[in-house]
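**Student:** To be precise about what I am sending: the file is called coords.pdb and holds PDB, C-alpha atoms and all ligand atoms.
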ATOM      1  CA  MET A   1       0.000   0.000   0.000
ATOM      2  CA  LYS A   2       2.779   2.399   0.988
ATOM      3  CA  ARG A   3       4.477   1.788  -2.316
ATOM      4  CA  PHE A   4       1.438   3.196  -4.170
ATOM      5  CA  LEU A   5       1.551   6.267  -1.970
ATOM      6  CA  TYR A   6       5.213   6.904  -2.841
ATOM      7  CA  ALA A   7       4.494   6.379  -6.517
ATOM      8  CA  GLY A   8       1.586   8.807  -6.325
ATOM      9  CA  VAL A   9       3.687  11.482  -4.624
ATOM     10  CA  LEU A  10       6.379  11.058  -7.260
ATOM     11  CA  VAL A  11       3.894  11.477 -10.126
ATOM     12  CA  VAL A  12       2.437  14.625  -8.566
ATOM     13  CA  ALA A  13       5.935  16.073  -8.017
ATOM     14  CA  VAL A  14       6.998  15.415 -11.616
ATOM     15  CA  LEU A  15       3.806  16.980 -12.992
ATOM     16  CA  ALA A  16       4.267  20.027 -10.733
ATOM     17  CA  VAL A  17       7.809  20.567 -12.039
ATOM     18  CA  ALA A  18       6.581  20.250 -15.639
ATOM     19  CA  LEU A  19       3.800  22.738 -14.968
ATOM     20  CA  ILE A  20       6.016  25.298 -13.207
ATOM     21  CA  SER A  21       8.734  25.196 -15.863
ATOM     22  CA  GLY A  22       6.001  25.574 -18.501
ATOM     23  CA  ASN A  23       7.817  23.080 -20.657
ATOM     24  CA  SER A  24       6.546  19.872 -22.190
ATOM     25  CA  PHE A  25       9.086  17.117 -22.026
ATOM     26  CA  GLY A  26      11.358  16.811 -25.029
ATOM     27  CA  GLN A  27      10.351  20.195 -26.393
ATOM     28  CA  VAL A  28      13.013  22.788 -27.200
ATOM     29  CA  LYS A  29      12.465  26.077 -25.395
ATOM     30  CA  LYS A  30      11.295  28.798 -27.757
ATOM     31  CA  VAL A  31      13.505  31.894 -27.978
ATOM     32  CA  GLY A  32      11.707  35.260 -28.234
ATOM     33  CA  GLY A  33       9.068  35.199 -30.961
ATOM     34  CA  GLY A  34      10.244  31.847 -32.367
ATOM     35  CA  ASP A  35      10.524  31.209 -36.106
ATOM     36  CA  ILE A  36       8.678  33.586 -38.408
ATOM     37  CA  LYS A  37       8.059  32.419 -41.923
ATOM     38  CA  TYR A  38       7.771  34.660 -44.975
ATOM     39  CA  THR A  39       6.455  32.988 -48.094
ATOM     40  CA  ASN A  40       5.672  35.866 -50.459
ATOM     41  CA  THR A  41       8.925  35.295 -52.319
ATOM     42  CA  LYS A  42       7.783  34.921 -55.929
ATOM     43  CA  GLY A  43       9.159  31.447 -56.577
ATOM     44  CA  LEU A  44      12.338  31.858 -54.574
ATOM     45  CA  GLY A  45      12.717  29.807 -51.414
ATOM     46  CA  PRO A  46      10.734  31.038 -48.388
ATOM     47  CA  VAL A  47      12.494  33.105 -45.733
ATOM     48  CA  THR A  48      12.428  32.052 -42.095
ATOM     49  CA  PHE A  49      13.417  34.656 -39.554
ATOM     50  CA  SER A  50      14.860  32.693 -36.630
ATOM     51  CA  HIS A  51      14.899  34.287 -33.177
ATOM     52  CA  ALA A  52      17.125  31.462 -31.929
ATOM     53  CA  PHE A  53      19.730  32.140 -34.628
ATOM     54  CA  HIS A  54      19.831  35.904 -34.046
ATOM     55  CA  ASP A  55      19.858  35.401 -30.276
ATOM     56  CA  GLY A  56      22.816  33.067 -30.780
ATOM     57  CA  LYS A  57      24.662  35.906 -32.511
ATOM     58  CA  GLY A  58      24.394  37.867 -29.279
ATOM     59  CA  LEU A  59      21.686  40.320 -30.360
ATOM     60  CA  LYS A  60      19.545  41.749 -27.569
ATOM     61  CA  CYS A  61      15.761  41.934 -27.915
ATOM     62  CA  THR A  62      16.000  45.728 -27.754
ATOM     63  CA  GLU A  63      18.240  45.935 -30.820
ATOM     64  CA  CYS A  64      15.177  44.991 -32.889
ATOM     65  CA  HIS A  65      12.235  45.660 -30.572
ATOM     66  CA  THR A  66      10.564  47.963 -30.793
ATOM     67  CA  LYS A  67      12.588  50.412 -32.880
ATOM     68  CA  ILE A  68      12.579  48.211 -35.994
ATOM     69  CA  TYR A  69       9.910  45.600 -35.269
ATOM     70  CA  LYS A  70       6.857  45.418 -33.073
ATOM     71  CA  MET A  71       6.501  42.281 -31.003
ATOM     72  CA  LYS A  72       3.736  41.024 -33.253
ATOM     73  CA  LYS A  73       4.233  39.101 -36.448
ATOM     74  CA  GLY A  74       2.861  40.387 -39.722
ATOM     75  CA  GLU A  75       3.241  44.072 -38.801
ATOM     76  CA  ALA A  76       6.574  44.849 -40.439
ATOM     77  CA  LYS A  77       7.185  45.622 -44.088
ATOM     78  CA  VAL A  78       9.670  43.008 -45.257
ATOM     79  CA  ASP A  79       9.762  43.160 -49.065
ATOM     80  CA  MET A  80      13.049  43.545 -50.959
ATOM     81  CA  ALA A  81      12.518  47.231 -51.786
ATOM     82  CA  THR A  82      12.248  47.962 -48.042
ATOM     83  CA  LEU A  83      15.284  45.844 -47.165
ATOM     84  CA  ASN A  84      17.369  47.337 -49.964
ATOM     85  CA  LYS A  85      16.581  50.845 -48.654
ATOM     86  CA  GLY A  86      18.214  49.885 -45.351
ATOM     87  CA  GLU A  87      14.974  49.516 -43.431
ATOM     88  CA  SER A  88      13.533  46.468 -41.653
ATOM     89  CA  GLY A  89      16.028  43.588 -42.050
ATOM     90  CA  GLY A  90      18.103  45.912 -44.236
ATOM     91  CA  ALA A  91      19.078  47.892 -41.124
ATOM     92  CA  CYS A  92      21.675  45.172 -40.543
ATOM     93  CA  HIS A  93      21.678  43.209 -43.811
ATOM     94  CA  ASN A  94      23.461  46.011 -45.652
ATOM     95  CA  GLY A  95      26.877  44.551 -46.391
ATOM     96  CA  GLN A  96      28.456  46.511 -43.523
ATOM     97  CA  LYS A  97      27.037  44.949 -40.378
ATOM     98  CA  VAL A  98      26.241  41.610 -42.011
ATOM     99  CA  PHE A  99      25.712  40.172 -45.495
ATOM    100  CA  SER A 100      23.664  42.368 -47.772
ATOM    101  CA  SER A 101      20.136  41.823 -49.106
ATOM    102  CA  LYS A 102      21.486  43.087 -52.450
ATOM    103  CA  ALA A 103      24.398  40.662 -52.871
ATOM    104  CA  PRO A 104      23.602  38.131 -55.615
ATOM    105  CA  ASN A 105      25.653  35.435 -53.894
ATOM    106  CA  ASP A 106      23.789  35.815 -50.615
ATOM    107  CA  CYS A 107      20.131  35.596 -51.722
ATOM    108  CA  SER A 108      20.046  31.939 -50.770
ATOM    109  CA  ARG A 109      21.210  32.634 -47.227
ATOM    110  CA  CYS A 110      17.719  33.995 -46.550
ATOM    111  CA  HIS A 111      15.718  32.326 -49.343
ATOM    112  CA  ILE A 112      16.137  28.696 -48.435
ATOM    113  CA  LYS A 113      14.577  26.040 -50.671
ATOM    114  CA  GLY A 114      12.773  23.405 -48.621
TER
HETATM  115  C1  LIG A 201      18.235  39.265 -45.235
HETATM  116  C2  LIG A 201      17.368  38.294 -45.866
HETATM  117  C3  LIG A 201      17.143  38.385 -47.366
HETATM  118  C4  LIG A 201      18.100  38.410 -48.346
HETATM  119  C5  LIG A 201      19.614  38.375 -48.227
HETATM  120  C6  LIG A 201      17.359  38.424 -49.598
HETATM  121  N1  LIG A 201      16.013  38.425 -49.363
HETATM  122 FE1  LIG A 201      14.538  38.491 -50.783
HETATM  123  N2  LIG A 201      13.125  38.565 -49.317
HETATM  124  C7  LIG A 201      13.379  38.543 -47.975
HETATM  125  C8  LIG A 201      12.133  38.729 -47.262
HETATM  126  C9  LIG A 201      11.979  38.762 -45.746
HETATM  127  C10 LIG A 201      11.106  38.843 -48.231
HETATM  128  C11 LIG A 201       9.622  39.104 -48.004
HETATM  129  C12 LIG A 201       8.815  37.838 -48.075
HETATM  130  C13 LIG A 201       7.361  38.070 -47.679
HETATM  131  O1  LIG A 201       6.915  39.222 -47.636
HETATM  132  O2  LIG A 201       6.668  37.071 -47.398
HETATM  133  C14 LIG A 201      11.780  38.737 -49.534
HETATM  134  C15 LIG A 201      11.107  38.796 -50.754
HETATM  135  C16 LIG A 201      11.708  38.651 -51.975
HETATM  136  C17 LIG A 201      10.998  38.651 -53.240
HETATM  137  C18 LIG A 201       9.506  38.818 -53.430
HETATM  138  C19 LIG A 201       9.123  40.180 -54.005
HETATM  139  C20 LIG A 201       9.779  41.342 -53.304
HETATM  140  O3  LIG A 201      10.419  42.149 -53.997
HETATM  141  O4  LIG A 201       9.710  41.479 -52.082
HETATM  142  C21 LIG A 201      11.950  38.481 -54.220
HETATM  143  C22 LIG A 201      11.729  38.390 -55.734
HETATM  144  C23 LIG A 201      13.241  38.405 -53.568
HETATM  145  N3  LIG A 201      13.059  38.504 -52.198
HETATM  146  C24 LIG A 201      14.452  38.266 -54.214
HETATM  147  C25 LIG A 201      15.702  38.307 -53.597
HETATM  148  C26 LIG A 201      16.976  38.309 -54.310
HETATM  149  C27 LIG A 201      17.125  38.235 -55.835
HETATM  150  C28 LIG A 201      17.967  38.381 -53.350
HETATM  151  C29 LIG A 201      19.480  38.471 -53.536
HETATM  152  C30 LIG A 201      19.939  39.594 -54.366
HETATM  153  C31 LIG A 201      17.293  38.410 -52.047
HETATM  154  N4  LIG A 201      15.934  38.377 -52.247
HETATM  155  C32 LIG A 201      17.970  38.459 -50.843
HETATM  156  C33 LIG A 201      14.617  38.386 -47.360
HETATM  157  C34 LIG A 201      15.833  38.399 -48.013
HETATM  158  C1  LIG A 202      17.375  40.548 -35.205
HETATM  159  C2  LIG A 202      16.082  41.149 -34.854
HETATM  160  C3  LIG A 202      15.306  40.573 -33.690
HETATM  161  C4  LIG A 202      15.734  40.303 -32.409
HETATM  162  C5  LIG A 202      17.136  40.458 -31.823
HETATM  163  C6  LIG A 202      14.558  39.863 -31.679
HETATM  164  N1  LIG A 202      13.463  39.858 -32.497
HETATM  165 FE1  LIG A 202      11.558  39.410 -31.949
HETATM  166  N2  LIG A 202      10.906  39.705 -33.884
HETATM  167  C7  LIG A 202      11.731  40.048 -34.942
HETATM  168  C8  LIG A 202      10.954  40.067 -36.160
HETATM  169  C9  LIG A 202      11.489  40.352 -37.553
HETATM  170  C10 LIG A 202       9.631  39.752 -35.789
HETATM  171  C11 LIG A 202       8.419  39.717 -36.717
HETATM  172  C12 LIG A 202       7.870  41.121 -36.826
HETATM  173  C13 LIG A 202       6.769  41.273 -37.851
HETATM  174  O1  LIG A 202       6.422  40.311 -38.549
HETATM  175  O2  LIG A 202       6.234  42.400 -37.955
HETATM  176  C14 LIG A 202       9.631  39.522 -34.346
HETATM  177  C15 LIG A 202       8.517  39.177 -33.598
HETATM  178  C16 LIG A 202       8.537  38.927 -32.236
HETATM  179  C17 LIG A 202       7.374  38.555 -31.470
HETATM  180  C18 LIG A 202       5.973  38.319 -32.020
HETATM  181  C19 LIG A 202       5.832  36.881 -32.457
HETATM  182  C20 LIG A 202       4.444  36.559 -32.973
HETATM  183  O3  LIG A 202       4.190  35.359 -33.220
HETATM  184  O4  LIG A 202       3.611  37.472 -33.177
HETATM  185  C21 LIG A 202       7.779  38.410 -30.172
HETATM  186  C22 LIG A 202       6.928  38.009 -28.974
HETATM  187  C23 LIG A 202       9.204  38.695 -30.144
HETATM  188  N3  LIG A 202       9.629  39.000 -31.425
HETATM  189  C24 LIG A 202       9.978  38.649 -29.001
HETATM  190  C25 LIG A 202      11.360  38.824 -28.979
HETATM  191  C26 LIG A 202      12.168  38.683 -27.775
HETATM  192  C27 LIG A 202      11.649  38.358 -26.382
HETATM  193  C28 LIG A 202      13.462  38.898 -28.157
HETATM  194  C29 LIG A 202      14.744  38.771 -27.323
HETATM  195  C30 LIG A 202      14.963  37.444 -26.775
HETATM  196  C31 LIG A 202      13.442  39.184 -29.592
HETATM  197  N4  LIG A 202      12.161  39.125 -30.046
HETATM  198  C32 LIG A 202      14.567  39.493 -30.342
HETATM  199  C33 LIG A 202      13.071  40.360 -34.863
HETATM  200  C34 LIG A 202      13.874  40.274 -33.735
END
Please go through the file and, once you have read it, give me the structure as structure tokens.
Ligand code: HEC
Ligand code: HEC
**Tutor:**
Amino acid sequence: MKRFLYAGVLVVAVLAVALISGNSFGQVKKVGGGDIKYTNTKGLGPVTFSHAFHDGKGLKCTECHTKIYKMKKGEAKVDMATLNKGESGGACHNGQKVFSSKAPNDCSRCHIKG
């Protein structure tokens, strides 16, 4: 009988930890706004903005939010004309800070065929 009690306590404890950490088992923790997919690319590969990748490069949330982007997907203008003017993603993807949105060899670094 006591054994069932111990088992029960253990189950409750494990569930409590899962609940508090807000994490399902085996799931990778989402960074910031997660992955944001852009598919209006006229036959080129879709673009996925990855929060995890940019976070890994040491960028702080405040470097993008909320000067360049609101914390809500679908608000920002992200077409090539906007990028190539140095706005939106073009604020960094300008060939000075990081690879440029205009460089023919670098299109496929954002437009990735699935
Ligand atoms: C820094 C990332 C990035 C790079 C580099 C990039 N693009 Fe894009 N591109 C985007 C995003 C984001 C969109 C918008 C997609 C959407 O609105 O769903 C886009 C959209 C497009 C579109 C759709 C129409 C338009 O004008 O917006 C075309 C065509 C395009 N890109 C071509 C290119 C070419 C050619 C290159 C290389 C010279 C390139 N892109 C480099 C991110 C990039
Ligand atoms: C390199 C730029 C960049 C950095 C750094 C960044 N974000 Fe974002 N974030 C974006 C972009 C781009 C979007 C999409 C905006 C849009 O579509 O209008 C976005 C959207 C979001 C959203 C909305 C997601 C949704 O589904 O609506 C949240 C929440 C968010 N970011 C949180 C964060 C947090 C928290 C951090 C820091 C850990 C962070 N972001 C760092 C660029 C960035």
**Student:** In Å to one decimal, how far is CA of Lys37 (chain A) from atom C15 of ligand LIG 202 (chain A)?
**Tutor:**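 Separation of atom C15 of ligand LIG 202 (chain A) and CA of Lys37 (chain A): 10.7 Å.
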**Student:** Under the rule of at most 8 Å, produce a per-residue listing of chain A near ligand LIG 201 (chain A): chain, number, name, the closest pair of atoms, and the distance in Å, as a tab-separated table, using only C-alpha atoms and all ligand atoms.
**Tutor:**
residue	atom	partner	partner_atom	distance
A:Lys37	CA	A:LIG201	O2	7.3
A:Tyr38	CA	A:LIG201	O2	3.6
A:Thr39	CA	A:LIG201	O2	4.1
A:Asn40	CA	A:LIG201	O2	3.4
A:Thr41	CA	A:LIG201	C18	3.7
A:Lys42	CA	A:LIG201	C18	4.9
A:Gly43	CA	A:LIG201	C22	7.5
A:Leu44	CA	A:LIG201	C21	6.6
A:Pro46	CA	A:LIG201	C12	7.1
A:Val47	CA	A:LIG201	C9	5.7
A:Thr48	CA	A:LIG201	C9	7.7
A:Phe49	CA	A:LIG201	C9	7.6
A:Lys77	CA	A:LIG201	O1	7.3
A:Val78	CA	A:LIG201	C11	4.8
A:Asp79	CA	A:LIG201	O4	3.5
A:Met80	CA	A:LIG201	O4	4.1
A:Ala81	CA	A:LIG201	O3	5.9
A:Leu83	CA	A:LIG201	C1	7.5
A:Gly89	CA	A:LIG201	C1	5.8
A:Gly90	CA	A:LIG201	C1	6.7
A:His93	CA	A:LIG201	C1	5.4
A:Phe99	CA	A:LIG201	C5	6.9
A:Ser100	CA	A:LIG201	C5	5.7
A:Ser101	CA	A:LIG201	C5	3.6
A:Lys102	CA	A:LIG201	C30	4.3
A:Ala103	CA	A:LIG201	C30	4.8
A:Pro104	CA	A:LIG201	C30	4.1
A:Asn105	CA	A:LIG201	C29	6.9
A:Asp106	CA	A:LIG201	C5	5.4
A:Cys107	CA	A:LIG201	C29	3.5
A:Ser108	CA	A:LIG201	C32	6.8
A:Arg109	CA	A:LIG201	C5	6.0
A:Cys110	CA	A:LIG201	C2	4.4
A:His111	CA	A:LIG201	N1	6.1
**Student:** Taking all atoms of ligand LIG 202 (chain A) that the file lists, what box with edges along x, y and z, padded by 5 Å per side, do you get, with centre and edge lengths in Å to one decimal, as JSON?
**Tutor:**
{"center_x": 10.5, "center_y": 38.9, "center_z": -32.5, "size_x": 23.8, "size_y": 17.0, "size_z": 22.2}
**Student:** Show me, as CSV, the residues of chain A having an atom within 12 Å of ligand LIG 202 (chain A), each with the closest atom pair and its distance in Å, using all atoms listed in the file.
**Tutor:**
residue,atom,partner,partner_atom,distance
A:Lys29,CA,A:LIG202,C30,11.7
A:Lys30,CA,A:LIG202,C30,9.4
A:Val31,CA,A:LIG202,C30,5.9
A:Gly32,CA,A:LIG202,C26,3.5
A:Gly33,CA,A:LIG202,C21,3.5
A:Gly34,CA,A:LIG202,C19,6.7
A:Asp35,CA,A:LIG202,O3,8.1
A:Ile36,CA,A:LIG202,C11,6.4
A:Lys37,CA,A:LIG202,O1,8.7
A:Tyr38,CA,A:LIG202,O1,8.7
A:Val47,CA,A:LIG202,C9,11.0
A:Thr48,CA,A:LIG202,C9,9.5
A:Phe49,CA,A:LIG202,C9,6.3
A:Ser50,CA,A:LIG202,C33,8.1
A:His51,CA,A:LIG202,C6,5.8
A:Ala52,CA,A:LIG202,C30,8.2
A:Phe53,CA,A:LIG202,C1,8.8
A:His54,CA,A:LIG202,C1,5.4
A:Asp55,CA,A:LIG202,C5,5.9
A:Gly56,CA,A:LIG202,C5,9.4
A:Lys57,CA,A:LIG202,C5,8.8
A:Gly58,CA,A:LIG202,C5,8.1
A:Leu59,CA,A:LIG202,C5,4.8
A:Lys60,CA,A:LIG202,C5,5.1
A:Cys61,CA,A:LIG202,C29,3.4
A:Thr62,CA,A:LIG202,C5,6.8
A:Glu63,CA,A:LIG202,C5,5.7
A:Cys64,CA,A:LIG202,C2,4.4
A:His65,CA,A:LIG202,N1,6.2
A:Thr66,CA,A:LIG202,FE1,8.7
A:Lys67,CA,A:LIG202,C2,10.1
A:Ile68,CA,A:LIG202,C33,7.9
A:Tyr69,CA,A:LIG202,C12,5.2
A:Lys70,CA,A:LIG202,O2,5.8
A:Met71,CA,A:LIG202,C17,3.9
A:Lys72,CA,A:LIG202,O4,3.6
A:Lys73,CA,A:LIG202,O1,3.3
A:Gly74,CA,A:LIG202,O1,3.7
A:Glu75,CA,A:LIG202,O2,3.5
A:Ala76,CA,A:LIG202,O2,3.5
A:Lys77,CA,A:LIG202,O2,7.0
A:Val78,CA,A:LIG202,O1,7.9
A:Asp79,CA,A:LIG202,O1,11.4
A:Leu83,CA,A:LIG202,C9,11.7
A:Glu87,CA,A:LIG202,C9,11.4
A:Ser88,CA,A:LIG202,C9,7.6
A:Gly89,CA,A:LIG202,C9,7.2
A:Gly90,CA,A:LIG202,C1,10.5
A:Ala91,CA,A:LIG202,C1,9.6
A:Cys92,CA,A:LIG202,C1,8.3
A:His93,CA,A:LIG202,C1,10.0
A:Lys97,CA,A:LIG202,C1,11.8
A:Val98,CA,A:LIG202,C1,11.2
